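Novice: Here you go, query_36.cif (mmCIF, C-alpha atoms and all ligand atoms):
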```cif
data_coords
loop_
_atom_site.label_atom_id
_atom_site.label_comp_id
_atom_site.auth_asym_id
_atom_site.auth_seq_id
_atom_site.Cartn_x
_atom_site.Cartn_y
_atom_site.Cartn_z
CA MET A 1 9.57 28.71 8.84
CA PRO A 2 7.41 25.98 10.36
CA SER A 3 4.09 26.96 11.91
CA ASN A 4 3.85 27.28 15.68
CA LEU A 5 1.40 24.38 15.76
CA ARG A 6 2.76 21.27 17.45
CA ILE A 7 1.08 17.91 17.46
CA ASP A 8 0.84 16.11 20.82
CA PRO A 9 3.13 13.04 20.70
CA GLU A 10 1.57 11.48 23.82
CA ARG A 11 -1.97 11.89 22.52
CA LEU A 12 -1.01 10.37 19.15
CA TRP A 13 0.68 7.42 20.85
CA ALA A 14 -2.25 6.89 23.22
CA THR A 15 -4.61 6.91 20.23
CA LEU A 16 -2.49 4.36 18.36
CA MET A 17 -2.51 2.11 21.42
CA GLU A 18 -6.23 2.68 22.08
CA THR A 19 -7.34 1.62 18.60
CA SER A 20 -4.93 -1.32 18.56
CA SER A 21 -7.20 -2.97 21.14
CA ILE A 22 -9.88 -3.29 18.43
CA GLY A 23 -9.00 -6.65 16.90
CA ALA A 24 -5.95 -7.11 19.16
CA THR A 25 -4.09 -10.41 18.77
CA PRO A 26 -2.30 -12.28 21.61
CA LYS A 27 1.09 -11.54 20.01
CA GLY A 28 0.57 -7.79 20.13
CA GLY A 29 -0.68 -7.25 16.60
CA ILE A 30 -4.07 -6.50 15.09
CA ASN A 31 -6.45 -8.71 13.12
CA ARG A 32 -8.92 -6.18 11.76
CA GLN A 33 -9.66 -7.40 8.27
CA THR A 34 -11.84 -5.26 6.10
CA LEU A 35 -15.65 -5.35 6.50
CA THR A 36 -15.56 -7.47 9.66
CA ALA A 37 -17.11 -6.65 13.04
CA GLU A 38 -13.72 -5.29 14.15
CA ASP A 39 -13.53 -3.04 11.10
CA SER A 40 -17.03 -1.80 11.89
CA ALA A 41 -16.01 -1.08 15.49
CA VAL A 42 -12.98 1.00 14.50
CA ARG A 43 -15.11 2.86 11.93
CA SER A 44 -17.58 3.81 14.68
CA TRP A 45 -14.69 4.95 16.83
CA PHE A 46 -13.26 7.07 13.98
CA LYS A 47 -16.66 8.66 13.32
CA ARG A 48 -17.16 9.53 17.00
CA GLN A 49 -13.69 11.03 17.36
CA THR A 50 -13.92 13.21 14.26
CA GLU A 51 -17.51 14.31 14.96
CA ALA A 52 -16.36 15.34 18.43
CA LEU A 53 -13.99 17.74 16.63
CA GLY A 54 -16.92 19.22 14.72
CA CYS A 55 -16.20 17.37 11.49
CA LYS A 56 -18.92 16.33 9.08
CA VAL A 57 -18.43 12.63 8.32
CA THR A 58 -19.60 11.25 4.98
CA ILE A 59 -19.39 7.68 3.72
CA ASP A 60 -19.27 6.82 0.04
CA GLU A 61 -20.75 3.86 -1.82
CA VAL A 62 -17.76 1.58 -1.13
CA GLY A 63 -17.48 2.56 2.54
CA ASN A 64 -14.64 5.08 2.27
CA MET A 65 -14.95 7.51 5.20
CA PHE A 66 -14.34 11.27 4.96
CA ALA A 67 -14.17 13.52 8.05
CA LEU A 68 -14.30 17.11 6.81
CA ARG A 69 -13.15 20.19 8.70
CA PRO A 70 -14.24 23.33 6.79
CA GLY A 71 -11.80 25.96 5.57
CA ARG A 72 -12.34 29.71 5.42
CA GLN A 73 -12.15 30.17 1.64
CA ALA A 74 -15.17 29.13 -0.32
CA GLY A 75 -14.39 27.36 -3.56
CA LEU A 76 -11.20 25.58 -2.51
CA ALA A 77 -11.41 21.78 -2.70
CA PRO A 78 -10.31 19.92 0.43
CA ILE A 79 -6.77 18.74 1.15
CA ALA A 80 -7.04 15.04 2.03
CA LEU A 81 -4.88 13.28 4.63
CA GLY A 82 -5.33 9.61 5.33
CA SER A 83 -4.64 5.93 4.91
CA HIS A 84 -6.48 2.80 6.09
CA LEU A 85 -7.71 1.23 9.33
CA ASP A 86 -8.02 -2.32 7.99
CA THR A 87 -5.17 -4.76 8.65
CA GLN A 88 -3.76 -8.08 7.53
CA PRO A 89 -4.96 -11.15 9.52
CA THR A 90 -1.67 -10.97 11.45
CA GLY A 91 -1.08 -7.25 10.97
CA GLY A 92 0.77 -4.78 13.16
CA LYS A 93 -0.27 -1.65 15.02
CA PHE A 94 1.12 0.89 12.56
CA ASP A 95 0.51 -0.10 8.93
CA GLY A 96 -2.33 2.18 7.80
CA ASN A 97 -3.27 3.14 11.34
CA LEU A 98 -0.47 5.67 11.61
CA GLY A 99 -1.67 7.43 8.45
CA VAL A 100 -5.25 7.82 9.65
CA LEU A 101 -4.45 8.51 13.30
CA GLY A 102 -1.58 10.86 12.41
CA ALA A 103 -4.07 12.79 10.27
CA LEU A 104 -6.56 12.73 13.16
CA GLU A 105 -3.82 14.12 15.42
CA ALA A 106 -3.22 16.92 12.91
CA LEU A 107 -6.96 17.64 12.95
CA ARG A 108 -7.03 17.72 16.74
CA THR A 109 -4.06 20.08 16.78
CA LEU A 110 -5.74 22.48 14.32
CA THR A 111 -9.02 22.39 16.25
CA ASN A 112 -7.47 22.90 19.69
CA ALA A 113 -5.51 25.88 18.37
CA GLY A 114 -8.59 27.29 16.61
CA TYR A 115 -6.49 27.46 13.46
CA GLU A 116 -8.40 28.12 10.27
CA THR A 117 -7.03 26.66 7.07
CA ASN A 118 -7.90 28.18 3.72
CA ALA A 119 -9.08 24.92 2.19
CA PRO A 120 -11.08 22.31 4.09
CA ILE A 121 -9.04 19.44 5.53
CA VAL A 122 -10.52 15.99 5.10
CA VAL A 123 -9.24 12.92 6.93
CA VAL A 124 -9.86 9.72 4.97
CA ASN A 125 -10.15 6.09 5.99
CA TRP A 126 -10.01 4.03 2.76
CA THR A 127 -11.86 0.71 2.59
CA ASN A 128 -9.89 -2.51 2.01
CA GLU A 129 -6.39 -1.25 1.43
CA GLU A 130 -4.86 -4.57 2.46
CA GLY A 131 -6.59 -6.87 -0.02
CA ALA A 132 -6.16 -9.76 2.43
CA ARG A 133 -9.86 -10.64 2.39
CA PHE A 134 -10.91 -9.15 -0.96
CA ALA A 135 -8.25 -8.93 -3.70
CA PRO A 136 -7.07 -6.59 -5.13
CA ALA A 137 -5.52 -4.38 -2.48
CA MET A 138 -6.18 -0.59 -2.45
CA LEU A 139 -9.74 -1.23 -3.56
CA GLY A 140 -11.60 1.68 -1.92
CA SER A 141 -9.16 4.29 -3.20
CA GLY A 142 -9.17 2.49 -6.55
CA VAL A 143 -12.94 2.93 -6.91
CA PHE A 144 -12.62 6.54 -5.72
CA ALA A 145 -10.00 7.18 -8.43
CA GLY A 146 -12.06 5.45 -11.14
CA VAL A 147 -9.68 2.49 -11.56
CA TYR A 148 -12.48 0.05 -10.67
CA SER A 149 -16.25 0.46 -10.77
CA ARG A 150 -18.50 0.00 -7.76
CA ALA A 151 -20.03 -3.03 -9.50
CA GLU A 152 -16.61 -4.62 -9.96
CA ALA A 153 -15.81 -4.06 -6.28
CA ASP A 154 -19.17 -5.40 -5.11
CA ALA A 155 -18.70 -8.63 -7.06
CA ILE A 156 -15.33 -9.60 -5.53
CA ALA A 157 -15.69 -12.71 -3.35
CA ASP A 158 -13.67 -13.64 -0.28
CA ILE A 159 -12.42 -17.17 0.35
CA GLU A 160 -15.78 -18.14 1.85
CA GLY A 161 -17.66 -16.90 -1.19
CA VAL A 162 -19.01 -13.73 0.48
CA ASN A 163 -19.06 -10.78 -1.91
CA PHE A 164 -17.56 -7.41 -1.00
CA GLY A 165 -20.92 -5.71 -1.58
CA VAL A 166 -22.76 -8.15 0.68
CA ALA A 167 -20.14 -7.79 3.43
CA LEU A 168 -20.22 -4.00 3.19
CA ASP A 169 -24.03 -3.94 3.50
CA ALA A 170 -23.88 -6.47 6.33
CA ILE A 171 -21.69 -4.23 8.53
CA GLY A 172 -23.82 -1.22 7.61
CA TRP A 173 -21.11 1.05 6.27
CA ARG A 174 -22.26 1.64 2.70
CA GLY A 175 -22.86 5.34 2.20
CA ALA A 176 -25.01 7.13 -0.36
CA THR A 177 -22.27 9.30 -1.91
CA ARG A 178 -20.80 8.24 -5.23
CA ALA A 179 -17.14 7.27 -4.84
CA GLY A 180 -14.98 10.01 -6.33
CA ALA A 181 -17.68 12.66 -6.08
CA MET A 182 -15.60 14.67 -3.60
CA LYS A 183 -13.07 16.75 -5.54
CA LEU A 184 -9.73 17.14 -3.75
CA SER A 185 -6.88 19.67 -3.99
CA ALA A 186 -4.16 17.30 -2.82
CA TYR A 187 -3.55 14.05 -0.92
CA LEU A 188 -0.87 13.27 1.66
CA GLU A 189 -0.33 9.87 3.30
CA LEU A 190 1.87 9.14 6.30
CA HIS A 191 3.04 5.52 6.57
CA ILE A 192 5.71 3.35 8.10
CA GLU A 193 8.37 2.49 5.54
CA GLN A 194 7.73 -1.29 5.75
CA GLY A 195 11.38 -1.70 4.72
CA PRO A 196 14.83 -1.34 6.31
CA ILE A 197 16.34 1.73 4.63
CA LEU A 198 15.47 4.62 6.99
CA GLU A 199 16.40 2.61 10.08
CA ALA A 200 19.70 1.48 8.55
CA GLU A 201 20.64 5.04 7.63
CA ASP A 202 19.29 6.53 10.86
CA LYS A 203 16.94 8.92 9.05
CA THR A 204 13.66 10.05 10.62
CA ILE A 205 11.70 11.07 7.53
CA GLY A 206 11.46 9.41 4.14
CA VAL A 207 10.40 11.89 1.47
CA VAL A 208 8.61 9.47 -0.84
CA THR A 209 9.06 10.46 -4.47
CA GLY A 210 7.19 7.55 -6.03
CA VAL A 211 6.13 3.94 -5.92
CA GLN A 212 7.85 1.26 -7.94
CA GLY A 213 6.11 -0.44 -10.84
CA VAL A 214 5.01 -4.07 -10.44
CA ARG A 215 4.53 -6.79 -13.02
CA TRP A 216 3.19 -10.24 -12.16
CA TYR A 217 3.40 -13.27 -14.43
CA GLU A 218 2.16 -16.83 -14.32
CA PHE A 219 4.07 -19.50 -16.26
CA ILE A 220 2.78 -22.99 -16.96
CA VAL A 221 5.82 -25.12 -17.75
CA SER A 222 4.89 -28.38 -19.50
CA GLY A 223 7.32 -31.27 -19.88
CA ARG A 224 6.65 -35.00 -19.87
CA GLU A 225 5.90 -37.18 -16.87
CA SER A 226 7.97 -40.34 -16.88
CA HIS A 227 9.66 -42.87 -14.60
CA ALA A 228 12.46 -41.44 -12.45
CA GLY A 229 14.38 -44.73 -12.59
CA THR A 230 14.13 -45.70 -16.21
CA THR A 231 14.27 -42.42 -18.17
CA PRO A 232 17.86 -41.53 -19.14
CA MET A 233 18.85 -37.93 -18.41
CA PRO A 234 19.18 -36.85 -22.06
CA ARG A 235 15.64 -38.06 -22.84
CA ARG A 236 13.87 -36.09 -20.14
CA ALA A 237 11.55 -33.11 -20.41
CA ASP A 238 11.63 -32.15 -16.73
CA ALA A 239 9.28 -29.24 -16.01
CA LEU A 240 10.70 -28.64 -12.52
CA ALA A 241 14.31 -28.63 -13.74
CA ALA A 242 13.28 -25.96 -16.26
CA CYS A 243 11.47 -24.05 -13.49
CA ALA A 244 14.62 -24.15 -11.34
CA ARG A 245 16.63 -22.57 -14.16
CA LEU A 246 13.96 -19.87 -14.57
CA ILE A 247 14.09 -19.13 -10.82
CA GLY A 248 17.85 -18.67 -11.13
CA ASP A 249 17.36 -16.35 -14.10
CA VAL A 250 14.78 -14.22 -12.23
CA ARG A 251 17.35 -13.67 -9.48
CA ALA A 252 20.06 -12.90 -12.03
CA ILE A 253 17.83 -10.38 -13.83
CA ALA A 254 17.02 -8.55 -10.59
CA LEU A 255 20.68 -8.54 -9.54
CA ALA A 256 21.70 -7.22 -12.97
CA HIS A 257 19.58 -4.13 -12.27
CA ALA A 258 20.78 -3.68 -8.68
CA PRO A 259 20.36 -2.09 -6.23
CA THR A 260 16.71 -1.11 -6.75
CA ALA A 261 15.32 -3.95 -8.88
CA VAL A 262 13.67 -6.93 -7.20
CA GLY A 263 12.49 -10.24 -8.62
CA THR A 264 10.67 -13.05 -6.81
CA VAL A 265 9.28 -16.46 -7.59
CA GLY A 266 6.78 -16.84 -4.77
CA GLN A 267 4.63 -19.77 -5.87
CA VAL A 268 5.55 -23.09 -7.42
CA GLU A 269 3.10 -25.97 -7.87
CA VAL A 270 4.51 -29.23 -9.14
CA LYS A 271 2.55 -32.01 -10.83
CA PRO A 272 2.28 -34.85 -10.08
CA ASN A 273 4.51 -34.06 -7.04
CA SER A 274 5.66 -37.63 -6.56
CA PRO A 275 9.18 -38.68 -5.51
CA ASN A 276 9.72 -41.07 -8.40
CA VAL A 277 7.98 -39.27 -11.25
CA ILE A 278 9.76 -36.69 -13.39
CA PRO A 279 7.56 -33.58 -13.01
CA GLY A 280 5.36 -33.10 -16.05
CA GLU A 281 3.93 -29.69 -15.22
CA VAL A 282 4.84 -26.72 -13.04
CA ARG A 283 2.84 -23.58 -12.38
CA MET A 284 5.01 -20.70 -11.17
CA THR A 285 4.53 -17.00 -10.49
CA ILE A 286 7.05 -14.22 -11.05
CA ASP A 287 6.98 -10.76 -9.43
CA LEU A 288 9.27 -8.09 -10.96
CA ARG A 289 9.52 -4.54 -9.57
CA HIS A 290 11.42 -1.37 -10.40
CA HIS A 291 10.76 2.33 -9.97
CA ASP A 292 11.48 3.05 -13.63
CA ASP A 293 9.09 1.64 -16.22
CA ALA A 294 11.77 1.46 -18.94
CA THR A 295 13.97 -0.69 -16.70
CA LEU A 296 10.98 -2.85 -15.80
CA ALA A 297 10.27 -3.35 -19.50
CA ALA A 298 13.91 -4.34 -20.04
CA MET A 299 13.67 -6.84 -17.17
CA GLU A 300 10.56 -8.30 -18.78
CA ALA A 301 12.33 -8.67 -22.11
CA GLU A 302 15.20 -10.48 -20.36
CA LEU A 303 12.70 -12.76 -18.62
CA TYR A 304 11.04 -13.67 -21.92
CA ALA A 305 14.45 -14.30 -23.52
CA SER A 306 15.24 -16.63 -20.63
CA VAL A 307 11.96 -18.48 -21.22
CA ASP A 308 12.84 -19.01 -24.89
CA ARG A 309 16.34 -20.25 -24.05
CA VAL A 310 15.31 -22.55 -21.20
CA SER A 311 12.31 -24.03 -22.99
CA GLY A 312 14.50 -24.90 -26.01
CA GLU A 313 17.30 -26.43 -23.97
CA GLU A 314 15.06 -28.30 -21.53
CA LYS A 315 12.60 -29.43 -24.23
CA VAL A 316 9.59 -28.02 -22.35
CA GLU A 317 6.79 -25.72 -23.38
CA VAL A 318 6.14 -22.54 -21.38
CA VAL A 319 2.78 -20.78 -21.60
CA ARG A 320 3.12 -17.36 -20.02
CA ARG A 321 0.43 -14.98 -18.84
CA LYS A 322 0.82 -11.49 -17.39
CA LEU A 323 -1.39 -11.16 -14.31
CA HIS A 324 -0.68 -7.54 -13.32
CA ASP A 325 1.04 -4.56 -14.82
CA LEU A 326 1.06 -1.55 -12.52
CA ALA A 327 3.12 1.34 -13.84
CA ALA A 328 5.60 3.08 -11.59
CA ILE A 329 4.17 6.16 -9.89
CA LYS A 330 5.91 9.51 -9.61
CA PHE A 331 4.39 11.74 -6.95
CA HIS A 332 3.61 15.41 -7.57
CA PRO A 333 6.65 17.73 -7.36
CA ASP A 334 4.76 20.34 -5.26
CA CYS A 335 3.64 17.71 -2.74
CA ILE A 336 7.11 16.15 -2.56
CA ALA A 337 8.58 19.63 -2.03
CA ALA A 338 6.06 20.35 0.75
CA VAL A 339 7.14 17.20 2.60
CA ARG A 340 10.86 17.81 2.05
CA GLU A 341 10.62 21.43 3.17
CA ALA A 342 8.51 20.55 6.23
CA ALA A 343 11.07 17.96 7.38
CA ARG A 344 13.89 20.45 6.80
CA ALA A 345 12.19 23.31 8.64
CA LEU A 346 11.43 21.03 11.59
CA GLY A 347 15.03 19.83 11.71
CA TYR A 348 14.42 16.14 11.02
CA SER A 349 16.98 14.05 9.16
CA GLN A 350 15.57 12.92 5.82
CA ARG A 351 16.24 11.15 2.55
CA GLU A 352 14.31 10.61 -0.63
CA ILE A 353 12.87 7.14 -0.96
CA ILE A 354 10.83 5.04 -3.41
CA SER A 355 8.04 2.96 -1.92
CA GLY A 356 8.46 -0.74 -2.46
CA ALA A 357 4.85 -1.47 -1.50
CA GLY A 358 1.59 -0.22 -2.96
CA HIS A 359 -0.48 2.36 -1.05
CA ASP A 360 -3.74 4.25 -1.48
CA ALA A 361 -1.61 7.20 -2.62
CA VAL A 362 -0.87 5.22 -5.81
CA HIS A 363 -4.48 5.53 -6.95
CA MET A 364 -4.91 9.03 -5.52
CA SER A 365 -1.95 10.31 -7.50
CA ARG A 366 -3.92 9.57 -10.69
CA ILE A 367 -6.56 12.15 -9.79
CA THR A 368 -4.94 14.72 -7.48
CA PRO A 369 -1.44 15.97 -6.58
CA SER A 370 -0.17 13.45 -4.02
CA ALA A 371 2.86 12.42 -1.98
CA MET A 372 3.78 10.27 1.00
CA ILE A 373 5.81 10.56 4.20
CA PHE A 374 7.64 7.52 5.58
CA ILE A 375 9.01 6.94 9.06
CA PRO A 376 11.28 4.04 10.07
CA CYS A 377 9.89 0.78 11.43
CA LYS A 378 11.88 -1.64 13.56
CA ASP A 379 13.94 -4.13 11.53
CA GLY A 380 11.98 -3.06 8.44
CA LEU A 381 9.28 -5.48 9.56
CA SER A 382 5.63 -5.11 8.46
CA HIS A 383 2.58 -7.29 7.77
CA ASN A 384 3.67 -8.90 11.03
CA GLU A 385 2.33 -8.71 14.57
CA ALA A 386 5.77 -7.65 15.77
CA GLU A 387 5.68 -4.54 13.55
CA SER A 388 6.97 -1.60 15.59
CA ALA A 389 7.74 2.11 15.30
CA SER A 390 8.97 4.53 17.96
CA ARG A 391 6.82 7.15 19.65
CA GLU A 392 9.27 9.86 18.52
CA ASP A 393 9.22 8.79 14.88
CA CYS A 394 5.41 8.55 14.83
CA ALA A 395 5.25 12.07 16.26
CA ALA A 396 7.80 13.38 13.74
CA GLY A 397 5.78 11.87 10.90
CA ALA A 398 2.52 13.43 12.10
CA GLN A 399 4.22 16.80 12.59
CA VAL A 400 5.61 16.70 9.03
CA LEU A 401 2.17 15.69 7.77
CA LEU A 402 0.56 18.70 9.43
CA GLU A 403 3.29 21.08 8.31
CA ALA A 404 3.24 19.84 4.71
CA ALA A 405 -0.56 20.17 4.63
CA LEU A 406 -0.30 23.77 5.85
CA ALA A 407 2.29 24.53 3.17
CA LEU A 408 -0.01 23.13 0.48
CA ASP A 409 -2.89 25.09 1.98
CA ALA A 410 -0.90 28.34 1.68
CA LYS A 411 0.01 27.46 -1.90
CA LEU A 412 -3.63 26.76 -2.74
CA ALA A 413 -4.77 30.08 -1.34
CA SER A 414 -2.24 31.92 -3.48
CA GLY A 415 -3.35 29.97 -6.54
CA ALA A 416 0.07 28.35 -6.95
CA LEU A 417 -1.02 24.69 -6.65
ZN ZN B 501 -0.69 0.25 4.59
#
```
Mind turning the file's structure into structure tokens?

Specialist:
Amino acid sequence: MPSNLRIDPERLWATLMETSSIGATPKGGINRQTLTAEDSAVRSWFKRQTEALGCKVTIDEVGNMFALRPGRQAGLAPIALGSHLDTQPTGGKFDGNLGVLGALEALRTLTNAGYETNAPIVVVNWTNEEGARFAPAMLGSGVFAGVYSRAEADAIADIEGVNFGVALDAIGWRGATRAGAMKLSAYLELHIEQGPILEAEDKTIGVVTGVQGVRWYEFIVSGRESHAGTTPMPRRADALAACARLIGDVRAIALAHAPTAVGTVGQVEVKPNSPNVIPGEVRMTIDLRHHDDATLAAMEAELYASVDRVSGEEKVEVVRRKLHDLAAIKFHPDCIAAVREAARALGYSQREIISGAGHDAVHMSRITPSAMIFIPCKDGLSHNEAESASREDCAAGAQVLLEAALALDAKLASGAL
């Protein structure tokens, strides 16, 4: 049975639209990159709204914000609900925002009803989820989960050479609390899917069971620069021709592990990049993803075999470097069950889904039972000013978030989580 608490769809929508004016772009999106004046403005707004509900707001040493509503049982660690309020330079209104504002709506619903949870509920706004200004993405939650140190975060420079630590101090949102000091019972994150599956299948709720693993590689392909008119074909060592074969193989490898594997060559730099010189060097990047680490390892082995074959046949040398290796994440069975059961009890159509993108929940799942809730977004579009989700789907997502949190709260009180 679902609770008799119902979130207010109009209030949630109005809040989404209200905050989208902070950093609004002419094309209807948001440019609210992390640690900018716009980020600072939305942080002030978030603090005011949650304090108005009686929450105690704390900020940690990397600027993560925690709005805590107490529970009635001493000794239970808070259940965290959240996401991020920073955006891409040409971001949309929903990526991240829905997760924080949906959690705020849940908080408002609990407060208006005078409902007491057993455990405290804490709504979190993570710093720099997007990674657009300071790479890597998911930085605030990463420091919170112990993946990066505060010193490592502080030292990251943006394109203008400004360090994360300097920018955080400059906007005045560095708190005194050590990141990760707050112990949590569980973490739930509501998010738009950022892909086309829920919309295509006409499902309202995605029960996210995990996040696919990601491996990034950089290859430097070295051949021999020579004259395009005078060098016979059999005598060439054409780095770009070799690169083209590798691009074809990356596609073939992903297709061989269909439908869930993906493979992308997103960057190619050719030297000397002249119309009548056979390319002597190419730098290329490869992005491979799959939700199963064993399959991802097999894809990597196929990629390396392709490199050996192509470099021999094309008479080039390939120096390869792995840039990233993020293991696939499986969310906690109890949290997944809470989401699935909430969607079922509320009568929403649902399907299980693997997240193709990274989220703060990836890092959180290392330290506390975690799961995510997806709702459809129009045309699967995200990281785009035209990003769009319906009022009804946003409301359904927030309602499932609240209901799943209450289910986890009941489980906690009975000692079953
Ligand atoms: Zn996001």

Novice: Grab me every residue within 8 Å of ligand ZN 501 (chain B), counting all atoms listed in the file, and send it over as a PDB file with C-alpha atoms, in the coordinates of the input.

Specialist:
```
ATOM      1  CA  SER A  83      -4.640   5.930   4.910  1.00  0.00           C
ATOM      2  CA  HIS A  84      -6.480   2.800   6.090  1.00  0.00           C
ATOM      3  CA  THR A  87      -5.170  -4.760   8.650  1.00  0.00           C
ATOM      4  CA  ASP A  95       0.510  -0.100   8.930  1.00  0.00           C
ATOM      5  CA  GLY A  96      -2.330   2.180   7.800  1.00  0.00           C
ATOM      6  CA  ASN A  97      -3.270   3.140  11.340  1.00  0.00           C
ATOM      7  CA  GLU A 129      -6.390  -1.250   1.430  1.00  0.00           C
ATOM      8  CA  GLU A 130      -4.860  -4.570   2.460  1.00  0.00           C
ATOM      9  CA  HIS A 191       3.040   5.520   6.570  1.00  0.00           C
ATOM     10  CA  ILE A 192       5.710   3.350   8.100  1.00  0.00           C
ATOM     11  CA  GLY A 358       1.590  -0.220  -2.960  1.00  0.00           C
ATOM     12  CA  HIS A 359      -0.480   2.360  -1.050  1.00  0.00           C
ATOM     13  CA  ASP A 360      -3.740   4.250  -1.480  1.00  0.00           C
TER      14      ASP A 360
END
```

Novice: Between atom CA of Ala228 of chain A and atom CA of Glu269 of chain A, what distance in Å does the model show, to one decimal?

Specialist: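 Computed distance, atom CA of Ala228 of chain A to atom CA of Glu269 of chain A, equals 18.7 Å.
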
Novice: Have a look at atom CA of Asn125 of chain A and atom CA of Ala404 of chain A and let me know their distance in Å, one decimal.

Specialist: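 Value for the atom CA of Asn125 of chain A-atom CA of Ala404 of chain A distance: 19.2 Å.
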
Novice: Hey, which of A:Thr209, A:Thr285, A:Ser349, A:Asn276 ends up closest to Arg321 of chain A? Count only C-alpha atoms.

Specialist: A:Thr285

Novice: How far is it from atom CA of Gly92 of chain A to atom CA of Asp393 of chain A, in Å with one decimal?

Specialist: 16.1 Å

Novice: Using all atoms listed in the file for the distances, tell me which of A:Ala398, A:Ala327, A:Met233, A:Ala305 is nearest to Asp8 of chain A.

Specialist: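 Going through A:Ala398, A:Ala327, A:Met233, A:Ala305 one by one, the smallest distance to Asp8 of chain A is for A:Ala398.
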
Novice: I'd like to know which of A:Ile354, A:Val318, A:Lys93, A:Asn4 is closest to Glu385 of chain A, using all atoms listed in the file.

Specialist: A:Lys93

Novice: For segment 36-43 of chain A, what centre and edge lengths in Å (one decimal) does the axis-aligned box get once 8 Å is added on each side of all its listed atoms, as AutoDock Vina command-line options?

Specialist:
```
--center_x -15.0 --center_y -2.3 --center_z 12.6 --size_x 20.1 --size_y 26.3 --size_z 21.8
```

Novice: Could you give me, as a list of chain:residue names, the residues that have an atom at most 10 Å away from the point (-0.2, 24.3, 1.8) in the coordinates of the file, using all atoms listed in the file?

Specialist: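 Looking at atoms near the point gives A:Ile79, A:Thr117, A:Asn118, A:Ala119, A:Ser185, A:Ala186, A:Asp334, A:Cys335, A:Ala338, A:Leu402, A:Glu403, A:Ala404, A:Ala405, A:Leu406, A:Ala407, A:Leu408, A:Asp409, A:Ala410, A:Lys411, A:Leu412, A:Ala413, A:Ser414, A:Ala416, A:Leu417.
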
Novice: Name the closest residue to His227 of chain A among the candidates A:Ile278, A:Leu323, A:Val207, A:Ile329; distances are taken between atoms, counting all atoms listed in the file.

Specialist: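 Comparing A:Ile278, A:Leu323, A:Val207, A:Ile329 against His227 of chain A, the winner is A:Ile278.
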
Novice: Residues of segment 142-178 of chain A that have any atom at most 12 Å from an atom of segment 14-36 of chain A: could you tabulate them with the shortest-distance atom pair and the distance in Å to one decimal, using all atoms listed in the file, ordered by chain and increasing number, as a tab-separated table?

Specialist:
```
residue	atom	partner	partner_atom	distance
A:Asp158	CA	A:Thr34	CA	10.7
A:Val162	CA	A:Leu35	CA	10.9
A:Asn163	CA	A:Leu35	CA	10.6
A:Phe164	CA	A:Leu35	CA	8.0
A:Gly165	CA	A:Leu35	CA	9.7
A:Val166	CA	A:Leu35	CA	9.6
A:Ala167	CA	A:Leu35	CA	6.0
A:Leu168	CA	A:Leu35	CA	5.8
A:Asp169	CA	A:Leu35	CA	9.0
A:Ala170	CA	A:Leu35	CA	8.3
A:Ile171	CA	A:Leu35	CA	6.5
A:Gly172	CA	A:Leu35	CA	9.2
A:Trp173	CA	A:Leu35	CA	8.4
A:Arg174	CA	A:Leu35	CA	10.3
```

Novice: So which residues touch segment 139-147 of chain A within 10 Å, counting all atoms listed in the file, skipping near sequence neighbours fewer than 2 positions away, as a ChimeraX atom specification?

Specialist: /A:60-65,83-84,124-131,134-137,149-153,178-182,359-368

Novice: In terms of the shortest atom-to-atom distance over all atoms listed in the file, which of A:Lys322, A:Lys315, A:Lys56, A:His257 is closest to Met284 of chain A?

Specialist: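 Using all atoms listed in the file, the shortest distance to Met284 of chain A belongs to A:Lys322.
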
Novice: Using all atoms listed in the file for the distances, tell me which of A:Tyr148, A:Tyr348, A:Tyr115, A:Trp216 is nearest to Gly263 of chain A.

Specialist: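 Smallest distance to Gly263 of chain A is found for A:Trp216.
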
Novice: For Lys378 of chain A, please output as number ranges by chain all residues within 8 Å (counting all atoms listed in the file; exclusion window: fewer than 3 positions along the same chain).

Specialist: A: 196, 199, 381, 387-389

Novice: Filtering to C-alpha atoms, could you give me those residues as a PDB file, keeping the file's coordinate frame?

Specialist:
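Written file, out.pdb:
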```
ATOM      1  CA  PRO A 196      14.830  -1.340   6.310  1.00  0.00           C
ATOM      2  CA  GLU A 199      16.400   2.610  10.080  1.00  0.00           C
ATOM      3  CA  LEU A 381       9.280  -5.480   9.560  1.00  0.00           C
ATOM      4  CA  GLU A 387       5.680  -4.540  13.550  1.00  0.00           C
ATOM      5  CA  SER A 388       6.970  -1.600  15.590  1.00  0.00           C
ATOM      6  CA  ALA A 389       7.740   2.110  15.300  1.00  0.00           C
TER       7      ALA A 389
END
```

Novice: Find the residues near Pro272 of chain A: any atom within 10 Å, counting all atoms listed in the file, skip ones fewer than 5 places away on the same chain, and give them as a list in words.

Specialist: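 Once the nearby chain positions are removed, what remains is Glu225, Val277, Ile278, Pro279, Gly280, Glu281 and Val282 of chain A.
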
Novice: Please provide the set of residues having any atom within 12 Å of Glu317 of chain A, restricted to all atoms listed in the file, with same-chain residues fewer than 3 positions apart removed, written as a PyMOL selection string.

Specialist: chain A and resi 219-224+237-240+242-243+280-283+307-314+320

Novice: Need to verify the contact set: Val250 of chain A, 8 Å, only C-alpha atoms, exclusion of same-chain residues closer than 4 positions in sequence. Can you return it as a PyMOL selection string?

Specialist: chain A and resi 246+254+263-265+286+303
